[in-house]
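A.B. asks: This one is entry-v4.csv, CSV, C-alpha atoms and all ligand atoms.
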```csv
chain,number,residue,atom,x,y,z
A,1376,MET,CA,110.2,5.5,124.8
A,1377,LYS,CA,112.6,6.8,122.3
A,1378,LYS,CA,110.2,5.8,119.5
A,1379,ILE,CA,107.4,7.8,121.1
A,1380,ILE,CA,109.6,10.9,121.3
A,1381,THR,CA,110.6,10.5,117.7
A,1382,LEU,CA,106.9,10.1,116.7
A,1383,PHE,CA,106.0,13.1,118.8
A,1384,THR,CA,108.7,15.2,117.1
A,1385,ILE,CA,107.4,14.1,113.7
A,1386,MET,CA,103.9,15.0,114.6
A,1387,LEU,CA,105.0,18.4,116.0
A,1388,PHE,CA,106.8,19.1,112.8
A,1389,PHE,CA,103.8,18.2,110.7
A,1390,SER,CA,101.4,20.2,112.8
A,1391,CYS,CA,103.6,23.3,112.7
A,1392,ASN,CA,104.0,22.8,109.0
A,1393,SER,CA,100.2,22.6,108.4
A,1394,SER,CA,99.5,25.6,110.5
A,1395,ALA,CA,102.1,27.6,108.5
A,1396,GLN,CA,100.2,26.6,105.3
A,1397,LYS,CA,96.9,27.6,106.8
A,1398,THR,CA,98.3,31.1,107.5
A,1399,LYS,CA,99.4,31.4,104.0
A,1400,ALA,CA,96.1,30.3,102.6
A,1401,LYS,CA,94.4,33.0,104.7
A,1402,GLU,CA,96.6,35.7,103.2
A,1403,GLU,CA,96.0,34.5,99.7
A,1404,LYS,CA,92.3,33.8,99.6
A,1405,VAL,CA,91.4,31.1,97.1
A,1406,TYR,CA,88.6,32.3,94.8
A,1407,PRO,CA,86.0,30.0,93.1
A,1408,VAL,CA,87.5,31.2,89.8
A,1409,THR,CA,91.3,31.0,90.0
A,1410,LYS,CA,93.7,31.3,87.1
A,1411,THR,CA,97.4,31.9,86.6
A,1412,ASP,CA,98.7,35.3,85.6
A,1413,ALA,CA,99.5,33.8,82.2
A,1414,GLU,CA,96.0,32.6,81.7
A,1415,TRP,CA,94.5,35.9,82.7
A,1416,LYS,CA,96.9,37.7,80.4
A,1417,LYS,CA,95.6,35.6,77.5
A,1418,GLU,CA,92.0,36.3,78.3
A,1419,LEU,CA,92.0,39.9,79.3
A,1420,THR,CA,93.0,43.0,77.3
A,1421,SER,CA,96.1,44.7,78.7
A,1422,GLU,CA,94.0,47.5,80.2
A,1423,GLN,CA,91.7,44.9,81.9
A,1424,TYR,CA,94.7,43.0,83.2
A,1425,TYR,CA,96.3,46.2,84.6
A,1426,VAL,CA,93.1,47.1,86.5
A,1427,LEU,CA,91.7,43.6,87.5
A,1428,ARG,CA,94.9,41.8,88.2
A,1429,GLU,CA,97.4,44.5,89.1
A,1430,ALA,CA,94.9,46.8,90.9
A,1431,GLY,CA,95.5,49.6,88.5
A,1432,THR,CA,93.2,52.6,87.9
A,1433,GLU,CA,91.9,53.6,84.4
A,1434,ARG,CA,92.2,57.1,83.2
A,1435,ARG,CA,89.2,59.2,84.5
A,1436,TYR,CA,86.4,59.7,81.9
A,1437,SER,CA,88.0,57.0,79.7
A,1438,SER,CA,85.2,54.5,80.2
A,1439,SER,CA,82.2,54.6,77.9
A,1440,LEU,CA,80.2,53.2,80.9
A,1441,ASN,CA,80.3,56.7,82.5
A,1442,LYS,CA,77.5,57.7,80.2
A,1443,GLU,CA,75.7,54.3,80.1
A,1444,SER,CA,72.2,55.0,81.3
A,1445,ARG,CA,70.3,51.9,80.0
A,1446,LYS,CA,68.7,49.4,82.4
A,1447,GLY,CA,70.8,46.4,83.0
A,1448,ILE,CA,73.4,44.6,85.0
A,1449,TYR,CA,77.1,45.3,85.3
A,1450,HIS,CA,79.1,42.1,85.3
A,1451,CYS,CA,82.7,41.3,86.1
A,1452,ALA,CA,84.7,41.6,82.9
A,1453,ALA,CA,86.9,38.7,84.0
A,1454,CYS,CA,84.5,36.0,85.2
A,1455,ASP,CA,81.0,37.4,84.3
A,1456,THR,CA,79.7,37.6,87.9
A,1457,PRO,CA,76.9,40.2,88.2
A,1458,LEU,CA,78.2,43.0,90.4
A,1459,PHE,CA,76.1,46.1,90.1
A,1460,LYS,CA,72.6,47.1,89.0
A,1461,SER,CA,71.9,50.1,86.7
A,1462,GLU,CA,69.2,51.3,89.2
A,1463,HIS,CA,72.1,51.9,91.7
A,1464,LYS,CA,74.3,53.8,89.3
A,1465,PHE,CA,74.6,57.6,89.8
A,1466,ASP,CA,76.5,60.4,88.2
A,1467,SER,CA,79.3,61.2,90.7
A,1468,GLY,CA,81.1,63.6,88.4
A,1469,THR,CA,84.4,61.8,89.2
A,1470,GLY,CA,84.9,60.3,85.8
A,1471,TRP,CA,84.5,56.7,86.9
A,1472,PRO,CA,81.2,54.7,86.9
A,1473,SER,CA,79.7,55.0,90.4
A,1474,PHE,CA,77.2,53.0,92.3
A,1475,ASP,CA,75.6,53.5,95.7
A,1476,ARG,CA,75.6,49.7,96.5
A,1477,GLU,CA,76.8,46.4,95.1
A,1478,ILE,CA,74.9,43.2,94.4
A,1479,GLU,CA,75.3,41.8,97.9
A,1480,GLY,CA,77.6,38.9,98.4
A,1481,ASN,CA,79.2,39.3,95.0
A,1482,VAL,CA,81.8,41.9,96.0
A,1483,ASP,CA,84.5,41.5,98.6
A,1484,TYR,CA,86.3,44.2,100.5
A,1485,SER,CA,89.9,44.7,101.8
A,1486,VAL,CA,92.0,47.7,102.9
A,1487,ASP,CA,94.8,49.0,100.8
A,1488,TYR,CA,97.4,51.7,101.6
A,1489,ASN,CA,98.6,52.3,98.1
A,1490,LEU,CA,98.2,56.1,98.4
A,1491,GLY,CA,99.6,56.2,101.9
A,1492,TYR,CA,96.2,56.1,103.6
A,1493,ALA,CA,93.5,53.5,104.2
A,1494,ARG,CA,91.1,52.9,101.3
A,1495,ASN,CA,88.4,50.3,101.2
A,1496,GLU,CA,89.3,48.3,98.1
A,1497,GLU,CA,86.7,46.2,96.4
A,1498,HIS,CA,87.1,43.2,94.3
A,1499,CYS,CA,85.0,40.5,92.6
A,1500,ALA,CA,84.1,37.8,95.2
A,1501,THR,CA,84.3,35.1,92.5
A,1502,CYS,CA,87.7,35.8,90.8
A,1503,GLY,CA,89.3,38.3,93.1
A,1504,GLY,CA,89.6,40.9,90.3
A,1505,HIS,CA,90.2,44.4,91.5
A,1506,LEU,CA,87.2,46.7,90.8
A,1507,GLY,CA,87.8,50.0,92.5
A,1508,HIS,CA,87.2,51.5,96.0
A,1509,VAL,CA,84.3,52.5,98.1
A,1510,PHE,CA,84.1,55.9,99.8
A,1511,ASN,CA,81.6,57.5,102.2
A,1512,ASP,CA,80.7,60.5,100.1
A,1513,GLY,CA,77.9,58.9,98.1
A,1514,PRO,CA,74.3,60.1,97.8
A,1515,ARG,CA,73.0,61.0,101.3
A,1516,LYS,CA,69.4,60.0,100.3
A,1517,THR,CA,70.3,56.4,99.7
A,1518,THR,CA,73.3,54.6,101.2
A,1519,GLY,CA,75.8,57.4,101.5
A,1520,LYS,CA,78.4,55.2,99.8
A,1521,ARG,CA,80.2,55.8,96.5
A,1522,HIS,CA,81.5,52.7,94.8
A,1523,CYS,CA,84.1,54.1,92.5
A,1524,ILE,CA,84.5,51.4,89.8
A,1525,ASN,CA,86.8,51.1,86.9
A,1526,GLY,CA,84.6,50.7,83.8
A,1527,VAL,CA,87.2,48.5,82.2
A,1528,ALA,CA,86.6,45.9,85.0
A,1529,LEU,CA,82.9,45.8,84.1
A,1530,LYS,CA,80.9,44.4,81.2
A,1531,PHE,CA,77.4,45.9,80.8
A,1532,VAL,CA,74.6,43.6,79.9
A,1533,PRO,CA,71.5,45.6,78.9
A,1534,GLU,CA,68.1,44.3,80.0
A,1535,LYS,CA,66.2,42.7,77.2
B,1,ZN,ZN,85.2,38.3,88.7
```
What does the file become when written as structure tokens?
Ligand SMILES: [Zn+2]

C.D. replies:
Amino acid sequence: MKKIITLFTIMLFFSCNSSAQKTKAKEEKVYPVTKTDAEWKKELTSEQYYVLREAGTERRYSSSLNKESRKGIYHCAACDTPLFKSEHKFDSGTGWPSFDREIEGNVDYSVDYNLGYARNEEHCATCGGHLGHVFNDGPRKTTGKRHCINGVALKFVPEK
């Protein structure tokens, strides 16, 4: 009997332990492309690292992609996943490249309170890199959404 109790205690310990680990994994989502901070630092410019990995914001009007009007696809600067299409880009006048929709499934959303109120943060669904935020003051004629994206987090690939 004593043996059974010991076994049960051990099992209980392990099951508690594994559920604690599951909770942690839920908080820290594991992305298909996962790298250490040191690896990202090596691969990205300091500006890209600040935006993509530290959820920073580039200076408005600093991105050359604000004026980019060619046909093509905007990829994640960190892992090359296609995120936005040029046909969904619009001039929001905010100083950041803006789109009325993402390429579905390739962008993930979460809520941040960095400015003291809830904002829908968006990040690359493949590497978790921070891209920007989505607001509800986009073009009424299409989706009504404004995806306000840091140009430094994107890599434009023109259509050939
Ligand atoms: Zn990515």

A.B. asks: So how many Å separate CA of Glu1462 (chain A) and CA of Glu1418 (chain A), to one decimal?

C.D. replies: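 Between CA of Glu1462 (chain A) and CA of Glu1418 (chain A) the gap is 29.4 Å.
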
A.B. asks: Between CA of Tyr1492 (chain A) and CA of Asn1525 (chain A), measure the distance and give it in Å to one decimal.

C.D. replies: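 Interatomic distance here is 19.8 Å.
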
A.B. asks: Would you give me, as a tab-separated table, each residue of chain A having an atom within 9 Å of an atom of ligand ZN 1 (chain B), along with its shortest atom pair and that distance in Å to one decimal, using all atoms listed in the file and sorting by chain and residue number?

C.D. replies:
```
residue	atom	partner	partner_atom	distance
A:Val1408	CA	B:ZN1	ZN	7.5
A:Leu1427	CA	B:ZN1	ZN	8.5
A:His1450	CA	B:ZN1	ZN	8.0
A:Cys1451	CA	B:ZN1	ZN	4.7
A:Ala1452	CA	B:ZN1	ZN	6.7
A:Ala1453	CA	B:ZN1	ZN	5.0
A:Cys1454	CA	B:ZN1	ZN	4.2
A:Asp1455	CA	B:ZN1	ZN	6.1
A:Thr1456	CA	B:ZN1	ZN	5.6
A:Pro1457	CA	B:ZN1	ZN	8.5
A:Leu1458	CA	B:ZN1	ZN	8.6
A:Asn1481	CA	B:ZN1	ZN	8.8
A:Val1482	CA	B:ZN1	ZN	8.8
A:His1498	CA	B:ZN1	ZN	7.7
A:Cys1499	CA	B:ZN1	ZN	4.5
A:Ala1500	CA	B:ZN1	ZN	6.6
A:Thr1501	CA	B:ZN1	ZN	5.0
A:Cys1502	CA	B:ZN1	ZN	4.1
A:Gly1503	CA	B:ZN1	ZN	6.0
A:Gly1504	CA	B:ZN1	ZN	5.4
A:His1505	CA	B:ZN1	ZN	8.4
A:Leu1506	CA	B:ZN1	ZN	8.9
A:Ala1528	CA	B:ZN1	ZN	8.6
```

A.B. asks: Please produce a file of those selected residues containing C-alpha atoms, as a PDB file, in the frame of the given file.

C.D. replies:
```
ATOM      1  CA  VAL A1408      87.500  31.200  89.800  1.00  0.00           C
ATOM      2  CA  LEU A1427      91.700  43.600  87.500  1.00  0.00           C
ATOM      3  CA  HIS A1450      79.100  42.100  85.300  1.00  0.00           C
ATOM      4  CA  CYS A1451      82.700  41.300  86.100  1.00  0.00           C
ATOM      5  CA  ALA A1452      84.700  41.600  82.900  1.00  0.00           C
ATOM      6  CA  ALA A1453      86.900  38.700  84.000  1.00  0.00           C
ATOM      7  CA  CYS A1454      84.500  36.000  85.200  1.00  0.00           C
ATOM      8  CA  ASP A1455      81.000  37.400  84.300  1.00  0.00           C
ATOM      9  CA  THR A1456      79.700  37.600  87.900  1.00  0.00           C
ATOM     10  CA  PRO A1457      76.900  40.200  88.200  1.00  0.00           C
ATOM     11  CA  LEU A1458      78.200  43.000  90.400  1.00  0.00           C
ATOM     12  CA  ASN A1481      79.200  39.300  95.000  1.00  0.00           C
ATOM     13  CA  VAL A1482      81.800  41.900  96.000  1.00  0.00           C
ATOM     14  CA  HIS A1498      87.100  43.200  94.300  1.00  0.00           C
ATOM     15  CA  CYS A1499      85.000  40.500  92.600  1.00  0.00           C
ATOM     16  CA  ALA A1500      84.100  37.800  95.200  1.00  0.00           C
ATOM     17  CA  THR A1501      84.300  35.100  92.500  1.00  0.00           C
ATOM     18  CA  CYS A1502      87.700  35.800  90.800  1.00  0.00           C
ATOM     19  CA  GLY A1503      89.300  38.300  93.100  1.00  0.00           C
ATOM     20  CA  GLY A1504      89.600  40.900  90.300  1.00  0.00           C
ATOM     21  CA  HIS A1505      90.200  44.400  91.500  1.00  0.00           C
ATOM     22  CA  LEU A1506      87.200  46.700  90.800  1.00  0.00           C
ATOM     23  CA  ALA A1528      86.600  45.900  85.000  1.00  0.00           C
TER      24      ALA A1528
END
```

A.B. asks: Enter the distance from CA of Thr1411 (chain A) to CA of Asp1487 (chain A), in Å, rounded to one decimal.

C.D. replies: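 Result for CA of Thr1411 (chain A) versus CA of Asp1487 (chain A): 22.4 Å, one decimal.
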
A.B. asks: Between A:Pro1533, A:Gly1431, A:Gly1491, A:Pro1514, which residue has the minimum interatomic distance to His1463 (chain A), considering all atoms listed in the file?

C.D. replies: A:Pro1514
